[in-house]
Each structure stands twice: as C-alpha cells, then as structure tokens.
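To keep things clear, I will list the structure first and then write my remarks on it.
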Amino acid sequence: EDAEVASLVEQVKSVYPYHARGDNRSTLERTYKFHNGLMYISKYPFVESRLIKHAQAAPLESMFGDKCMLMVTLADTPLGNLAVVNMHTTAGGWNHPEKVDSIRESELREAVEVCEAAMRDGYKSLILGDLNMGPEASRCNYDFMLNSGYQDEVIAVKDDAAEEVFTWDPMNPLNAIGPHNTCPAQRCDHIFVHREAKIVGSSLRRMFTEAFVNSPIGPCTLSDHFGILLSLSPSLQP
C-alpha cells in the first residue's frame, strides 16, 4: 500500500503538493492489521494533522483493522480556516451494519466533539468519508449528524435526484460477492458541513463509476464505493 500511496502523491504533487496520513499500529500489529486507509491531498498546507483512535470498534474490525479518524486543520483557504475529519465508520464486521449503530454513533460523536473544540478556536468544521450510514440505512446515525448541527451537502445539491448520488450499489460485482449484499443501494459516503461554517455545496459529480479494472470476476470499478466530487463555496446567506 505504501508504494501505491507514494505513486499517487508523486503524480498529483504539481496540483496538490501537500498530503497527510497517519498510522497508529505497532510493528507487530502491522503484520496482521490493515492500515486505516485515511489520507488527504491538498492545495494548501496543513496547520496540524492528528490521527485519533476510536474508543469503540466492531470485534472483527478491532482484531484486523485500525479504526481511527484523521483530523487536519488548514488556515487562510478560500473557505476560511477549516477543521476537517476524514473517517471510515464501522460496517459491522461479521455483523449486519444496522446491528452496530451504537458503535457507529460513538465514532461519529468523537468526530463531532473534536470539531466542536476546533470551532471554539475559530475553525469551520467538516466531517466526511465512508460513514456506512445514510437516509437509506442506519437512519439514526444520519439523524445524529443532522441533530448535531451538520448539513448533508451532497443531498443539498442533489435533493431532486437522490438516486444519482448513491455511492454503494449491491449489484456492483465487488459488493455482490461480499457479506453485505442484502443491503439496499444507498448514500453512505458523505460531506457534512456544520451550519455555522456558512459553506455550501455548489456542484456535484459522482466519480469512478466505470468498470475498467480487470479482475478474476471480470471488469470492476476502482472501489466497491463510487466517489463524490463536490465543489464547496461560501454561502451567500447571512
């Protein structure tokens, strides 16, 4: 994985010269635990980058994963001073995703809390990533984010065509052979922006939808999830 990351960083450095990544694993854990997989690439330098281990994780993910969130702060961007949390919340391991809503909420709550601290220091907060929940599944986790003061900027842009921004499809061959193939198609990859940030989505495009990677099961998409390209702008509302 490190070689792939190094290749990516090299290829985009003329446009995105800064990147942030972290690893909490011990030398021994690196022999059997997956990397957390979290990373940023940026046009703007980071003030701080901090990898925070979650207090709770599903048992299987705890054994073979490194469940963390990666927080960065940036200053003087066109959107102001930003605090951003990138996270990959629990999918349940061997459990059905909706059986671990309480664990997922604890992970989301930790993200909300670190963002609240950053907001007190004058930063505008965003929480994003593969959150394994949304309006179609684990709705209580989605509502937790809305009730915590966050706006779903993906659906704010595409509310009239919600199915166009589904990022997980059980018919995708990568998902059809997986443990969650009975789950509904859903929006589980999100960009949440705190309402006090006065930042809104202005345009949106779903990415990486073409099956161009050759595999033993035939052509596949780059990932089991589609990507989201969202442009953000300062809100014109007071």
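FYI, nothing fancy with the structure tokens labels: chains A, B, ... in order, residues from 1 per chain, ligands from 1 as they appear.
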Exercise. In region 1-133 of chain A, what's strand (DSSP E or B) per DSSP? Answer as a PyMOL selection string?
Worked result: chain A and resi 18-21+39-42+46-53+68-77+80-88+124-130
Please produce an output containing C-alpha atoms for each residue in the selection, written as a compact mmCIF listing (two decimals), in the first residue's frame.
# COMPACT_ATOMS: atom_id res chain seq x y z
CA TYR A 18 0.53 18.55 0.44
CA HIS A 19 -0.69 15.28 1.89
CA ALA A 20 -1.50 13.92 5.36
CA ARG A 21 -1.66 10.33 6.53
CA MET A 39 -5.49 10.27 3.67
CA TYR A 40 -5.76 13.85 2.43
CA ILE A 41 -4.21 15.54 -0.56
CA SER A 42 -4.38 19.34 -0.58
CA PHE A 46 -1.86 21.78 6.92
CA VAL A 47 -1.59 23.58 10.23
CA GLU A 48 -2.00 20.29 12.09
CA SER A 49 -2.63 16.63 11.30
CA ARG A 50 -3.82 14.27 14.03
CA LEU A 51 -4.77 10.60 13.91
CA ILE A 52 -7.25 9.70 16.67
CA LYS A 53 -8.06 6.09 17.55
CA CYS A 68 -9.28 5.82 13.55
CA MET A 69 -10.23 9.24 12.28
CA LEU A 70 -7.78 11.66 10.67
CA MET A 71 -8.26 15.32 11.56
CA VAL A 72 -6.47 18.19 9.85
CA THR A 73 -6.65 21.94 10.19
CA LEU A 74 -5.94 24.43 7.42
CA ALA A 75 -5.64 28.21 7.60
CA ASP A 76 -6.39 31.00 5.13
CA THR A 77 -8.06 28.87 2.47
CA GLY A 80 -11.52 30.28 5.65
CA ASN A 81 -9.88 28.33 8.46
CA LEU A 82 -11.01 24.72 8.28
CA ALA A 83 -11.05 21.72 10.60
CA VAL A 84 -11.76 18.53 8.65
CA VAL A 85 -12.30 15.00 9.95
CA ASN A 86 -11.89 12.14 7.50
CA MET A 87 -13.25 8.86 8.84
CA HIS A 88 -14.44 5.37 7.90
CA LYS A 124 -15.12 25.89 10.40
CA SER A 125 -15.81 22.17 10.69
CA LEU A 126 -16.44 19.44 8.13
CA ILE A 127 -16.84 15.69 8.66
CA LEU A 128 -16.54 13.44 5.64
CA GLY A 129 -15.81 9.93 4.47
CA ASP A 130 -17.31 6.49 4.12
For this session: Go through region 23-156 of chain A and collect every residue that DSSP, computed from the backbone, puts in helix (DSSP H, G or I); the answer should be as number ranges by chain.
Result: A: 29-31, 59-64, 97-120, 139-147, 153-156
Exercise. Which neighbours of Trp168 (chain A) fall inside 7 Å, counting only C-alpha atoms, when residues of the same chain fewer than 6 positions from it are skipped, and could you give them as a list in words?
Worked result: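 Everything that qualifies: Ala185, Gln186, Arg187, Cys188, Asp224, His225 and Phe226 of chain A.
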Can those selected residues be exported to a file as a PDB file, in the first residue's frame so that it contains all heavy atoms?
ATOM      1  N   ALA A 185     -29.272  -0.317  -1.978  1.00  0.00           N
ATOM      2  CA  ALA A 185     -28.456   0.739  -2.568  1.00  0.00           C
ATOM      3  C   ALA A 185     -28.611   1.983  -1.709  1.00  0.00           C
ATOM      4  O   ALA A 185     -29.702   2.283  -1.212  1.00  0.00           O
ATOM      5  CB  ALA A 185     -28.912   1.006  -4.000  1.00  0.00           C
ATOM      6  N   GLN A 186     -27.521   2.716  -1.535  1.00  0.00           N
ATOM      7  CA  GLN A 186     -27.579   3.790  -0.550  1.00  0.00           C
ATOM      8  C   GLN A 186     -26.519   4.872  -0.754  1.00  0.00           C
ATOM      9  O   GLN A 186     -25.517   4.671  -1.433  1.00  0.00           O
ATOM     10  CB  GLN A 186     -27.432   3.203   0.851  1.00  0.00           C
ATOM     11  CG  GLN A 186     -26.151   2.419   1.076  1.00  0.00           C
ATOM     12  CD  GLN A 186     -26.191   1.632   2.369  1.00  0.00           C
ATOM     13  OE1 GLN A 186     -25.814   2.137   3.420  1.00  0.00           O
ATOM     14  NE2 GLN A 186     -26.667   0.383   2.277  1.00  0.00           N
ATOM     15  N   ARG A 187     -26.773   5.999  -0.090  1.00  0.00           N
ATOM     16  CA  ARG A 187     -25.799   7.097   0.034  1.00  0.00           C
ATOM     17  C   ARG A 187     -25.101   6.922   1.378  1.00  0.00           C
ATOM     18  O   ARG A 187     -25.671   7.256   2.415  1.00  0.00           O
ATOM     19  CB  ARG A 187     -26.525   8.434  -0.002  1.00  0.00           C
ATOM     20  CG  ARG A 187     -27.136   8.782  -1.343  1.00  0.00           C
ATOM     21  CD  ARG A 187     -28.150   9.915  -1.205  1.00  0.00           C
ATOM     22  NE  ARG A 187     -29.437   9.398  -0.739  1.00  0.00           N
ATOM     23  CZ  ARG A 187     -30.398  10.177  -0.243  1.00  0.00           C
ATOM     24  NH1 ARG A 187     -30.204  11.464  -0.110  1.00  0.00           N
ATOM     25  NH2 ARG A 187     -31.546   9.632   0.129  1.00  0.00           N
ATOM     26  N   CYS A 188     -23.916   6.383   1.364  1.00  0.00           N
ATOM     27  CA  CYS A 188     -23.208   6.178   2.628  1.00  0.00           C
ATOM     28  C   CYS A 188     -21.868   6.895   2.671  1.00  0.00           C
ATOM     29  O   CYS A 188     -21.135   6.781   3.652  1.00  0.00           O
ATOM     30  CB  CYS A 188     -23.040   4.689   2.928  1.00  0.00           C
ATOM     31  SG  CYS A 188     -22.227   3.747   1.641  1.00  0.00           S
ATOM     32  N   ASP A 224     -15.384  -0.623  -4.237  1.00  0.00           N
ATOM     33  CA  ASP A 224     -16.757  -1.075  -4.024  1.00  0.00           C
ATOM     34  C   ASP A 224     -17.699   0.095  -3.787  1.00  0.00           C
ATOM     35  O   ASP A 224     -18.914  -0.074  -3.782  1.00  0.00           O
ATOM     36  CB  ASP A 224     -16.831  -2.070  -2.859  1.00  0.00           C
ATOM     37  CG  ASP A 224     -16.323  -1.496  -1.553  1.00  0.00           C
ATOM     38  OD1 ASP A 224     -15.449  -0.606  -1.588  1.00  0.00           O
ATOM     39  OD2 ASP A 224     -16.783  -1.949  -0.489  1.00  0.00           O
ATOM     40  N   HIS A 225     -17.144   1.296  -3.575  1.00  0.00           N
ATOM     41  CA  HIS A 225     -17.935   2.524  -3.473  1.00  0.00           C
ATOM     42  C   HIS A 225     -17.614   3.416  -4.662  1.00  0.00           C
ATOM     43  O   HIS A 225     -16.486   3.437  -5.152  1.00  0.00           O
ATOM     44  CB  HIS A 225     -17.587   3.306  -2.196  1.00  0.00           C
ATOM     45  CG  HIS A 225     -18.023   2.646  -0.935  1.00  0.00           C
ATOM     46  ND1 HIS A 225     -18.904   3.231  -0.054  1.00  0.00           N
ATOM     47  CD2 HIS A 225     -17.693   1.451  -0.383  1.00  0.00           C
ATOM     48  CE1 HIS A 225     -19.093   2.435   0.986  1.00  0.00           C
ATOM     49  NE2 HIS A 225     -18.371   1.343   0.805  1.00  0.00           N
ATOM     50  N   PHE A 226     -18.592   4.189  -5.111  1.00  0.00           N
ATOM     51  CA  PHE A 226     -18.332   5.249  -6.072  1.00  0.00           C
ATOM     52  C   PHE A 226     -17.798   6.467  -5.320  1.00  0.00           C
ATOM     53  O   PHE A 226     -17.972   6.594  -4.108  1.00  0.00           O
ATOM     54  CB  PHE A 226     -19.617   5.623  -6.822  1.00  0.00           C
ATOM     55  CG  PHE A 226     -20.252   4.473  -7.543  1.00  0.00           C
ATOM     56  CD1 PHE A 226     -21.616   4.236  -7.444  1.00  0.00           C
ATOM     57  CD2 PHE A 226     -19.494   3.619  -8.329  1.00  0.00           C
ATOM     58  CE1 PHE A 226     -22.219   3.178  -8.108  1.00  0.00           C
ATOM     59  CE2 PHE A 226     -20.077   2.542  -8.997  1.00  0.00           C
ATOM     60  CZ  PHE A 226     -21.442   2.326  -8.884  1.00  0.00           C
TER      61      PHE A 226
END
For this session: Have a look at A:Thr221, A:Asn24, A:Ser202, A:Asn214 and name the one nearest to Ser233 (chain A); count only C-alpha atoms.
Result: A:Ser202
Exercise. Between A:Gly201, A:Gly227, A:Pro97, A:Pro59, which one has atoms that come closest to Ala156 (chain A), using only C-alpha atoms?
Worked result: A:Gly201
Determine, counting only C-alpha atoms, which protein, DNA and RNA residues have an atom within 7 Å of an atom of Thr90 (chain A); residues of the same chain fewer than 4 positions away are not included. Present the result as a short mmCIF file (atom, residue, chain, number, x, y, z; two decimals) with N, CA and C atoms, in the first residue's frame.
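Wrote selection.cif, looks like this:
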data_model
loop_
_atom_site.label_atom_id
_atom_site.label_comp_id
_atom_site.auth_asym_id
_atom_site.auth_seq_id
_atom_site.Cartn_x
_atom_site.Cartn_y
_atom_site.Cartn_z
N ALA A 57 -14.96 -0.21 18.53
CA ALA A 57 -14.92 -0.76 17.18
C ALA A 57 -15.63 -2.11 17.21
N ALA A 58 -16.18 -2.52 16.08
CA ALA A 58 -16.76 -3.86 15.98
C ALA A 58 -15.66 -4.89 16.20
N ARG A 104 -21.22 2.90 15.72
CA ARG A 104 -21.04 3.93 14.71
C ARG A 104 -21.34 5.31 15.28
N ASN A 132 -20.82 4.70 6.20
CA ASN A 132 -21.62 3.47 6.31
C ASN A 132 -23.00 3.70 6.92
#
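From CA of Ser102 (chain A) back to CA of Gln151 (chain A), the distance works out to 21.1 Å.
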Problem set entry | Residue nearest Glu98 (chain A) among A:Gly37, A:Gly22, A:Pro184, A:Gly122 (counting only C-alpha atoms) |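 Closest residue, counting only C-alpha atoms: A:Pro184.
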